[in-house]
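Chemist: Data: run.pdb, PDB, C-alpha atoms and all ligand atoms.
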MODEL        1
ATOM      1  CA  MET A   1      28.918 -61.194  24.683  1.00  0.00           C
ATOM      2  CA  ARG A   2      31.783 -63.419  25.551  1.00  0.00           C
ATOM      3  CA  MET A   3      31.202 -66.750  27.238  1.00  0.00           C
ATOM      4  CA  LEU A   4      33.220 -69.647  28.565  1.00  0.00           C
ATOM      5  CA  ILE A   5      32.029 -73.245  28.353  1.00  0.00           C
ATOM      6  CA  ILE A   6      33.735 -75.639  30.780  1.00  0.00           C
ATOM      7  CA  GLU A   7      32.667 -79.084  29.637  1.00  0.00           C
ATOM      8  CA  ASP A   8      34.767 -82.203  29.094  1.00  0.00           C
ATOM      9  CA  GLU A   9      32.430 -83.733  26.529  1.00  0.00           C
ATOM     10  CA  ARG A  10      34.102 -82.082  23.582  1.00  0.00           C
ATOM     11  CA  GLU A  11      31.309 -82.716  21.116  1.00  0.00           C
ATOM     12  CA  LEU A  12      28.762 -81.145  23.428  1.00  0.00           C
ATOM     13  CA  ALA A  13      31.058 -78.173  24.135  1.00  0.00           C
ATOM     14  CA  GLU A  14      31.613 -77.628  20.409  1.00  0.00           C
ATOM     15  CA  ALA A  15      27.942 -77.956  19.551  1.00  0.00           C
ATOM     16  CA  ILE A  16      27.096 -75.360  22.197  1.00  0.00           C
ATOM     17  CA  ALA A  17      29.874 -73.009  21.028  1.00  0.00           C
ATOM     18  CA  ASP A  18      28.861 -73.263  17.350  1.00  0.00           C
ATOM     19  CA  GLY A  19      25.203 -72.737  18.094  1.00  0.00           C
ATOM     20  CA  LEU A  20      25.908 -69.754  20.314  1.00  0.00           C
ATOM     21  CA  ALA A  21      28.194 -68.174  17.711  1.00  0.00           C
ATOM     22  CA  ALA A  22      25.174 -68.051  15.413  1.00  0.00           C
ATOM     23  CA  GLU A  23      23.301 -66.234  18.201  1.00  0.00           C
ATOM     24  CA  GLY A  24      26.000 -63.578  18.358  1.00  0.00           C
ATOM     25  CA  PHE A  25      27.896 -64.933  21.382  1.00  0.00           C
ATOM     26  CA  VAL A  26      31.639 -65.384  21.340  1.00  0.00           C
ATOM     27  CA  ALA A  27      32.311 -68.727  22.999  1.00  0.00           C
ATOM     28  CA  ASP A  28      35.563 -70.247  24.284  1.00  0.00           C
ATOM     29  CA  ALA A  29      35.704 -73.824  25.550  1.00  0.00           C
ATOM     30  CA  ALA A  30      37.791 -75.458  28.282  1.00  0.00           C
ATOM     31  CA  HIS A  31      37.735 -79.239  28.663  1.00  0.00           C
ATOM     32  CA  ASP A  32      38.868 -79.721  32.242  1.00  0.00           C
ATOM     33  CA  GLY A  33      38.328 -77.959  35.546  1.00  0.00           C
ATOM     34  CA  THR A  34      41.874 -76.667  35.968  1.00  0.00           C
ATOM     35  CA  ASP A  35      42.017 -74.959  32.568  1.00  0.00           C
ATOM     36  CA  GLY A  36      38.468 -73.709  33.009  1.00  0.00           C
ATOM     37  CA  LEU A  37      39.227 -72.115  36.371  1.00  0.00           C
ATOM     38  CA  TRP A  38      42.383 -70.485  35.052  1.00  0.00           C
ATOM     39  CA  ARG A  39      40.526 -68.919  32.134  1.00  0.00           C
ATOM     40  CA  ALA A  40      37.607 -67.830  34.291  1.00  0.00           C
ATOM     41  CA  LEU A  41      40.014 -66.103  36.687  1.00  0.00           C
ATOM     42  CA  HIS A  42      42.146 -64.420  34.037  1.00  0.00           C
ATOM     43  CA  GLU A  43      39.868 -63.579  31.139  1.00  0.00           C
ATOM     44  CA  PRO A  44      36.871 -61.287  31.112  1.00  0.00           C
ATOM     45  CA  TYR A  45      33.747 -63.347  30.461  1.00  0.00           C
ATOM     46  CA  ASP A  46      30.162 -62.175  30.558  1.00  0.00           C
ATOM     47  CA  VAL A  47      28.763 -65.601  31.460  1.00  0.00           C
ATOM     48  CA  ILE A  48      30.120 -69.100  32.193  1.00  0.00           C
ATOM     49  CA  VAL A  49      28.538 -72.500  31.468  1.00  0.00           C
ATOM     50  CA  LEU A  50      30.009 -75.000  33.912  1.00  0.00           C
ATOM     51  CA  ASP A  51      29.636 -78.792  33.907  1.00  0.00           C
ATOM     52  CA  ILE A  52      29.851 -80.565  37.280  1.00  0.00           C
ATOM     53  CA  MET A  53      31.659 -83.805  36.509  1.00  0.00           C
ATOM     54  CA  LEU A  54      34.996 -82.660  35.098  1.00  0.00           C
ATOM     55  CA  PRO A  55      38.528 -84.055  35.108  1.00  0.00           C
ATOM     56  CA  GLY A  56      41.041 -82.021  37.135  1.00  0.00           C
ATOM     57  CA  LEU A  57      38.727 -79.976  39.352  1.00  0.00           C
ATOM     58  CA  SER A  58      35.012 -80.654  39.636  1.00  0.00           C
ATOM     59  CA  GLY A  59      32.576 -77.957  38.598  1.00  0.00           C
ATOM     60  CA  TYR A  60      31.801 -77.378  42.274  1.00  0.00           C
ATOM     61  CA  GLU A  61      35.459 -76.801  43.064  1.00  0.00           C
ATOM     62  CA  VAL A  62      35.803 -74.408  40.122  1.00  0.00           C
ATOM     63  CA  LEU A  63      32.765 -72.449  41.295  1.00  0.00           C
ATOM     64  CA  LYS A  64      33.975 -72.336  44.907  1.00  0.00           C
ATOM     65  CA  GLN A  65      37.405 -71.037  43.951  1.00  0.00           C
ATOM     66  CA  LEU A  66      35.936 -68.515  41.533  1.00  0.00           C
ATOM     67  CA  ARG A  67      33.666 -67.016  44.175  1.00  0.00           C
ATOM     68  CA  ALA A  68      36.440 -67.144  46.780  1.00  0.00           C
ATOM     69  CA  ALA A  69      38.503 -65.027  44.376  1.00  0.00           C
ATOM     70  CA  LYS A  70      35.565 -62.570  44.223  1.00  0.00           C
ATOM     71  CA  VAL A  71      34.858 -63.247  40.568  1.00  0.00           C
ATOM     72  CA  TRP A  72      31.103 -62.773  40.227  1.00  0.00           C
ATOM     73  CA  THR A  73      30.636 -63.682  36.568  1.00  0.00           C
ATOM     74  CA  PRO A  74      27.189 -65.322  36.258  1.00  0.00           C
ATOM     75  CA  VAL A  75      27.515 -69.128  36.205  1.00  0.00           C
ATOM     76  CA  LEU A  76      25.039 -71.592  34.739  1.00  0.00           C
ATOM     77  CA  MET A  77      25.744 -75.130  35.974  1.00  0.00           C
ATOM     78  CA  LEU A  78      24.990 -78.235  33.958  1.00  0.00           C
ATOM     79  CA  THR A  79      23.752 -80.971  36.264  1.00  0.00           C
ATOM     80  CA  ALA A  80      23.074 -84.621  35.479  1.00  0.00           C
ATOM     81  CA  LYS A  81      19.854 -86.021  36.877  1.00  0.00           C
ATOM     82  CA  ASP A  82      21.549 -89.253  37.909  1.00  0.00           C
ATOM     83  CA  GLY A  83      24.650 -87.505  39.213  1.00  0.00           C
ATOM     84  CA  GLU A  84      25.838 -87.497  42.770  1.00  0.00           C
ATOM     85  CA  TYR A  85      24.994 -83.781  43.125  1.00  0.00           C
ATOM     86  CA  ASP A  86      21.768 -81.952  42.570  1.00  0.00           C
ATOM     87  CA  GLU A  87      20.459 -78.519  41.714  1.00  0.00           C
ATOM     88  CA  ALA A  88      20.178 -77.390  45.327  1.00  0.00           C
ATOM     89  CA  ASP A  89      23.910 -77.958  45.784  1.00  0.00           C
ATOM     90  CA  ALA A  90      24.639 -75.903  42.677  1.00  0.00           C
ATOM     91  CA  LEU A  91      22.681 -72.909  43.942  1.00  0.00           C
ATOM     92  CA  ASP A  92      24.051 -73.254  47.488  1.00  0.00           C
ATOM     93  CA  LEU A  93      27.571 -73.025  46.159  1.00  0.00           C
ATOM     94  CA  GLY A  94      26.948 -69.790  44.312  1.00  0.00           C
ATOM     95  CA  ALA A  95      25.764 -70.789  40.851  1.00  0.00           C
ATOM     96  CA  ASP A  96      23.282 -68.324  39.385  1.00  0.00           C
ATOM     97  CA  ASP A  97      21.261 -70.883  37.496  1.00  0.00           C
ATOM     98  CA  TYR A  98      21.340 -74.543  36.484  1.00  0.00           C
ATOM     99  CA  LEU A  99      20.134 -76.825  33.709  1.00  0.00           C
ATOM    100  CA  SER A 100      19.729 -80.594  33.927  1.00  0.00           C
ATOM    101  CA  LYS A 101      21.217 -82.700  31.165  1.00  0.00           C
ATOM    102  CA  PRO A 102      19.945 -83.441  28.634  1.00  0.00           C
ATOM    103  CA  PHE A 103      18.671 -79.954  27.868  1.00  0.00           C
ATOM    104  CA  SER A 104      17.300 -78.407  24.738  1.00  0.00           C
ATOM    105  CA  TYR A 105      19.418 -75.830  23.030  1.00  0.00           C
ATOM    106  CA  VAL A 106      16.561 -73.311  22.918  1.00  0.00           C
ATOM    107  CA  VAL A 107      16.178 -73.565  26.700  1.00  0.00           C
ATOM    108  CA  LEU A 108      19.932 -73.087  27.174  1.00  0.00           C
ATOM    109  CA  VAL A 109      19.899 -69.872  25.120  1.00  0.00           C
ATOM    110  CA  ALA A 110      16.871 -68.562  27.033  1.00  0.00           C
ATOM    111  CA  HIS A 111      18.626 -69.224  30.363  1.00  0.00           C
ATOM    112  CA  LEU A 112      21.824 -67.528  29.185  1.00  0.00           C
ATOM    113  CA  ARG A 113      19.936 -64.443  27.990  1.00  0.00           C
ATOM    114  CA  ALA A 114      18.134 -64.205  31.322  1.00  0.00           C
ATOM    115  CA  LEU A 115      21.481 -64.456  33.154  1.00  0.00           C
ATOM    116  CA  LEU A 116      23.034 -61.755  30.996  1.00  0.00           C
ATOM    117  CA  ARG A 117      20.082 -59.491  31.654  1.00  0.00           C
ATOM    118  CA  ARG A 118      20.438 -60.001  35.383  1.00  0.00           C
ATOM    119  CA  GLY A 119      24.204 -59.633  35.171  1.00  0.00           C
ATOM    120  CA  ALA A 120      26.625 -59.905  38.069  1.00  0.00           C
ATOM    121  CA  PRO A 121      25.879 -57.907  41.232  1.00  0.00           C
ATOM    122  CA  ALA A 122      26.890 -54.239  41.174  1.00  0.00           C
ATOM    123  CA  ARG A 123      26.591 -53.814  37.452  1.00  0.00           C
ATOM    124  CA  PRO A 124      24.864 -50.765  35.945  1.00  0.00           C
ATOM    125  CA  ALA A 125      21.069 -50.672  36.168  1.00  0.00           C
ATOM    126  CA  VAL A 126      20.776 -50.565  32.391  1.00  0.00           C
ATOM    127  CA  LEU A 127      21.455 -54.320  32.400  1.00  0.00           C
ATOM    128  CA  VAL A 128      18.155 -54.949  34.130  1.00  0.00           C
ATOM    129  CA  ALA A 129      16.230 -53.800  31.107  1.00  0.00           C
ATOM    130  CA  ALA A 130      15.612 -56.460  28.492  1.00  0.00           C
ATOM    131  CA  VAL A 131      15.868 -53.863  25.749  1.00  0.00           C
ATOM    132  CA  LEU A 132      19.034 -51.769  25.603  1.00  0.00           C
ATOM    133  CA  VAL A 133      18.332 -48.139  24.829  1.00  0.00           C
ATOM    134  CA  ALA A 134      20.339 -45.043  23.949  1.00  0.00           C
ATOM    135  CA  ASP A 135      18.184 -42.049  23.089  1.00  0.00           C
ATOM    136  CA  ASP A 136      15.844 -43.301  20.319  1.00  0.00           C
ATOM    137  CA  LEU A 137      18.064 -46.265  19.439  1.00  0.00           C
ATOM    138  CA  ALA A 138      16.810 -49.593  20.829  1.00  0.00           C
ATOM    139  CA  LEU A 139      18.332 -53.051  20.684  1.00  0.00           C
ATOM    140  CA  ASP A 140      16.459 -56.146  21.820  1.00  0.00           C
ATOM    141  CA  PRO A 141      18.918 -59.034  22.260  1.00  0.00           C
ATOM    142  CA  ALA A 142      16.191 -61.642  22.788  1.00  0.00           C
ATOM    143  CA  CYS A 143      14.362 -60.750  19.568  1.00  0.00           C
ATOM    144  CA  ARG A 144      17.551 -59.868  17.666  1.00  0.00           C
ATOM    145  CA  ARG A 145      15.931 -56.585  16.731  1.00  0.00           C
ATOM    146  CA  CYS A 146      17.369 -53.110  16.296  1.00  0.00           C
ATOM    147  CA  ARG A 147      15.319 -49.932  15.808  1.00  0.00           C
ATOM    148  CA  ARG A 148      15.945 -46.212  15.625  1.00  0.00           C
ATOM    149  CA  GLY A 149      12.784 -44.192  16.142  1.00  0.00           C
ATOM    150  CA  ASN A 150      10.229 -46.300  14.354  1.00  0.00           C
ATOM    151  CA  ARG A 151      12.559 -47.670  11.695  1.00  0.00           C
ATOM    152  CA  ASP A 152      13.920 -51.223  11.826  1.00  0.00           C
ATOM    153  CA  ILE A 153      17.636 -51.553  11.149  1.00  0.00           C
ATOM    154  CA  ASP A 154      19.131 -54.760   9.743  1.00  0.00           C
ATOM    155  CA  LEU A 155      22.400 -55.747  11.405  1.00  0.00           C
ATOM    156  CA  THR A 156      24.707 -58.701  10.762  1.00  0.00           C
ATOM    157  CA  ALA A 157      25.463 -60.980  13.733  1.00  0.00           C
ATOM    158  CA  ARG A 158      28.834 -59.276  14.313  1.00  0.00           C
ATOM    159  CA  GLU A 159      27.422 -55.760  14.040  1.00  0.00           C
ATOM    160  CA  PHE A 160      24.687 -56.744  16.469  1.00  0.00           C
ATOM    161  CA  THR A 161      27.153 -58.110  19.029  1.00  0.00           C
ATOM    162  CA  LEU A 162      29.339 -55.018  18.716  1.00  0.00           C
ATOM    163  CA  LEU A 163      26.399 -52.673  19.254  1.00  0.00           C
ATOM    164  CA  GLU A 164      25.124 -54.789  22.162  1.00  0.00           C
ATOM    165  CA  TYR A 165      28.524 -54.593  23.837  1.00  0.00           C
ATOM    166  CA  LEU A 166      28.718 -50.805  23.425  1.00  0.00           C
ATOM    167  CA  LEU A 167      25.157 -50.370  24.693  1.00  0.00           C
ATOM    168  CA  ARG A 168      26.007 -52.356  27.815  1.00  0.00           C
ATOM    169  CA  HIS A 169      28.766 -49.820  28.560  1.00  0.00           C
ATOM    170  CA  PRO A 170      27.120 -46.485  27.753  1.00  0.00           C
ATOM    171  CA  ASP A 171      29.179 -43.288  28.020  1.00  0.00           C
ATOM    172  CA  GLU A 172      32.332 -45.236  28.877  1.00  0.00           C
ATOM    173  CA  VAL A 173      35.468 -45.045  26.787  1.00  0.00           C
ATOM    174  CA  ILE A 174      35.983 -48.552  25.401  1.00  0.00           C
ATOM    175  CA  SER A 175      39.324 -49.466  23.865  1.00  0.00           C
ATOM    176  CA  LYS A 176      39.586 -51.342  20.593  1.00  0.00           C
ATOM    177  CA  THR A 177      41.335 -54.131  22.468  1.00  0.00           C
ATOM    178  CA  ASP A 178      38.358 -54.453  24.850  1.00  0.00           C
ATOM    179  CA  ILE A 179      36.027 -54.636  21.893  1.00  0.00           C
ATOM    180  CA  LEU A 180      38.192 -57.229  20.185  1.00  0.00           C
ATOM    181  CA  THR A 181      38.197 -59.344  23.351  1.00  0.00           C
ATOM    182  CA  HIS A 182      34.437 -59.283  23.825  1.00  0.00           C
ATOM    183  CA  VAL A 183      33.176 -59.293  20.264  1.00  0.00           C
ATOM    184  CA  TRP A 184      35.725 -61.440  18.437  1.00  0.00           C
ATOM    185  CA  ASP A 185      36.950 -64.791  19.748  1.00  0.00           C
ATOM    186  CA  GLU A 186      40.334 -65.488  21.269  1.00  0.00           C
ATOM    187  CA  ASN A 187      41.571 -67.207  18.126  1.00  0.00           C
ATOM    188  CA  PHE A 188      41.192 -64.060  16.114  1.00  0.00           C
ATOM    189  CA  ASP A 189      44.739 -63.032  15.269  1.00  0.00           C
ATOM    190  CA  GLY A 190      44.099 -59.973  13.121  1.00  0.00           C
ATOM    191  CA  ASP A 191      44.738 -56.448  14.358  1.00  0.00           C
ATOM    192  CA  THR A 192      42.372 -53.916  15.842  1.00  0.00           C
ATOM    193  CA  ASN A 193      41.693 -52.328  12.422  1.00  0.00           C
ATOM    194  CA  ILE A 194      38.818 -54.787  12.134  1.00  0.00           C
ATOM    195  CA  VAL A 195      37.132 -52.909  14.986  1.00  0.00           C
ATOM    196  CA  GLU A 196      37.363 -49.636  13.040  1.00  0.00           C
ATOM    197  CA  VAL A 197      35.898 -51.334   9.994  1.00  0.00           C
ATOM    198  CA  TYR A 198      32.909 -52.638  11.942  1.00  0.00           C
ATOM    199  CA  VAL A 199      32.324 -49.381  13.796  1.00  0.00           C
ATOM    200  CA  GLY A 200      32.203 -47.829  10.308  1.00  0.00           C
ATOM    201  CA  TYR A 201      29.583 -50.376   9.184  1.00  0.00           C
ATOM    202  CA  LEU A 202      27.509 -49.669  12.288  1.00  0.00           C
ATOM    203  CA  ARG A 203      27.662 -45.901  11.857  1.00  0.00           C
ATOM    204  CA  ARG A 204      26.455 -46.256   8.282  1.00  0.00           C
ATOM    205  CA  LYS A 205      23.397 -48.098   9.578  1.00  0.00           C
ATOM    206  CA  ILE A 206      22.524 -46.511  12.918  1.00  0.00           C
ATOM    207  CA  ASP A 207      23.914 -42.980  12.600  1.00  0.00           C
ATOM    208  CA  ALA A 208      24.480 -41.659   9.069  1.00  0.00           C
ATOM    209  CA  PRO A 209      20.912 -42.130   7.751  1.00  0.00           C
ATOM    210  CA  PHE A 210      19.570 -40.321  10.835  1.00  0.00           C
ATOM    211  CA  ASP A 211      22.227 -37.611  10.909  1.00  0.00           C
ATOM    212  CA  ARG A 212      23.455 -38.686  14.373  1.00  0.00           C
ATOM    213  CA  LEU A 213      26.739 -39.509  16.058  1.00  0.00           C
ATOM    214  CA  THR A 214      25.985 -42.194  18.644  1.00  0.00           C
ATOM    215  CA  ILE A 215      29.395 -43.847  18.484  1.00  0.00           C
ATOM    216  CA  GLU A 216      32.087 -41.254  19.108  1.00  0.00           C
ATOM    217  CA  THR A 217      35.753 -41.770  18.380  1.00  0.00           C
ATOM    218  CA  VAL A 218      37.909 -40.908  21.383  1.00  0.00           C
ATOM    219  CA  ARG A 219      41.248 -40.221  19.805  1.00  0.00           C
ATOM    220  CA  GLY A 220      44.020 -42.511  20.962  1.00  0.00           C
ATOM    221  CA  ALA A 221      41.670 -44.286  23.393  1.00  0.00           C
ATOM    222  CA  GLY A 222      38.815 -45.984  21.568  1.00  0.00           C
ATOM    223  CA  TYR A 223      35.090 -45.350  21.310  1.00  0.00           C
ATOM    224  CA  ARG A 224      32.268 -44.048  23.435  1.00  0.00           C
ATOM    225  CA  LEU A 225      28.586 -44.722  22.898  1.00  0.00           C
ATOM    226  CA  ARG A 226      26.559 -41.659  23.824  1.00  0.00           C
ATOM    227  CA  SER A 227      23.406 -42.603  25.655  1.00  0.00           C
ATOM    228  CA  GLY A 228      21.704 -39.187  25.565  1.00  0.00           C
ATOM    229  CA  ALA A 229      20.186 -37.154  22.751  1.00  0.00           C
ATOM    230  CA  ARG A 230      22.514 -34.846  20.891  1.00  0.00           C
TER     231      ARG A 230
HETATM  232 CA    CA B 301      31.268 -84.018  32.362  1.00  0.00          CA
ENDMDL
END
I need this file expressed as structure tokens, please.
Modeler:
Amino acid sequence: MRMLIIEDERELAEAIADGLAAEGFVADAAHDGTDGLWRALHEPYDVIVLDIMLPGLSGYEVLKQLRAAKVWTPVLMLTAKDGEYDEADALDLGADDYLSKPFSYVVLVAHLRALLRRGAPARPAVLVAAVLVADDLALDPACRRCRRGNRDIDLTAREFTLLEYLLRHPDEVISKTDILTHVWDENFDGDTNIVEVYVGYLRRKIDAPFDRLTIETVRGAGYRLRSGAR
């Protein structure tokens, strides 16, 4: 899952990004409101963490312009207890959730997972379920657990994120470039062959031992995760 952190306290932004990378998120950071808004409008993010007091544009202004542009990416606002704004303002303006500073990292991750589960309006119903399922394959993002039938499957953080992304877009053709954007970070400058390599790793774990083909290759287009039994 790809997320954007708009936070001018660089150390805090970096600490959040590093911690979330270990949780399988891909996190980009922007350090002022103007840059943050530009990225949020032009890049596909699954969730945005937005501070209120920012140089350039305030978090409120960023949120207002984002919603005015009909970008419905879930937004979690960071509010300061002693700030001039409060949580009610954040929700009034179209934030999906808020956290007061200082917050614990564990609470932040729990809030982000809940937001991702809820998703933006008009997304497929499969997002409502906490556990992502395709036939007898099940992935639980909160518990970091993957099972096929009654067998547990061990995945690396990257394999997990890749499978989670595919499971959130079942039966759609997903290009390698899409996968690269959502599963690797923007500083990754390698080519899309890395996607093939990781799809190969995944197939060896979730498909080959069970004699299945969950992740199909769509020649010249990308991949498609089949949600039904075959
Ligand atoms: Ca700030």
Chemist: Using only C-alpha atoms and all ligand atoms, which of A:Arg39, A:Arg151, A:His31, A:His111 sits nearest ligand CA 301 (chain B)?
Modeler: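 Result for the nearest residue to ligand CA 301 (chain B): A:His31.
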Chemist: Can you turn the PyMOL selection byres (((chain A and resi 142) around 10) and not hetatm) into a concrete residue list for this file, as a ChimeraX atom specification?
Modeler: /A:23,109-110,113-114,117,130-131,139-141,143-145
Chemist: Could you tell me which residues the PyMOL selection byres (((not hetatm)) within 7 of (chain B and resi 301)) grabs in this file, written as number ranges by chain?
Modeler: A: 7-9, 51-54
Chemist: Between A:Leu132, A:Glu159, A:Ile48, A:Arg168, which one has atoms that come closest to A:Leu115, using all atoms listed in the file?
Modeler: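 Of all the options, A:Ile48 lies closest to A:Leu115.
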Chemist: So what does the PyMOL selection byres (((chain A and resi 97) around 7) and not hetatm) actually pick up in this one, as an NGL selection string?
Modeler: :A and (75-77 or 91 or 95-96 or 98)
Chemist: Report, in Å to a single decimal, how far apart atom CA of A:Lys101 and atom CA of A:Trp72 are.
Modeler: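 Answer for the atom CA of A:Trp72 to atom CA of A:Lys101 separation: 24.0 Å.
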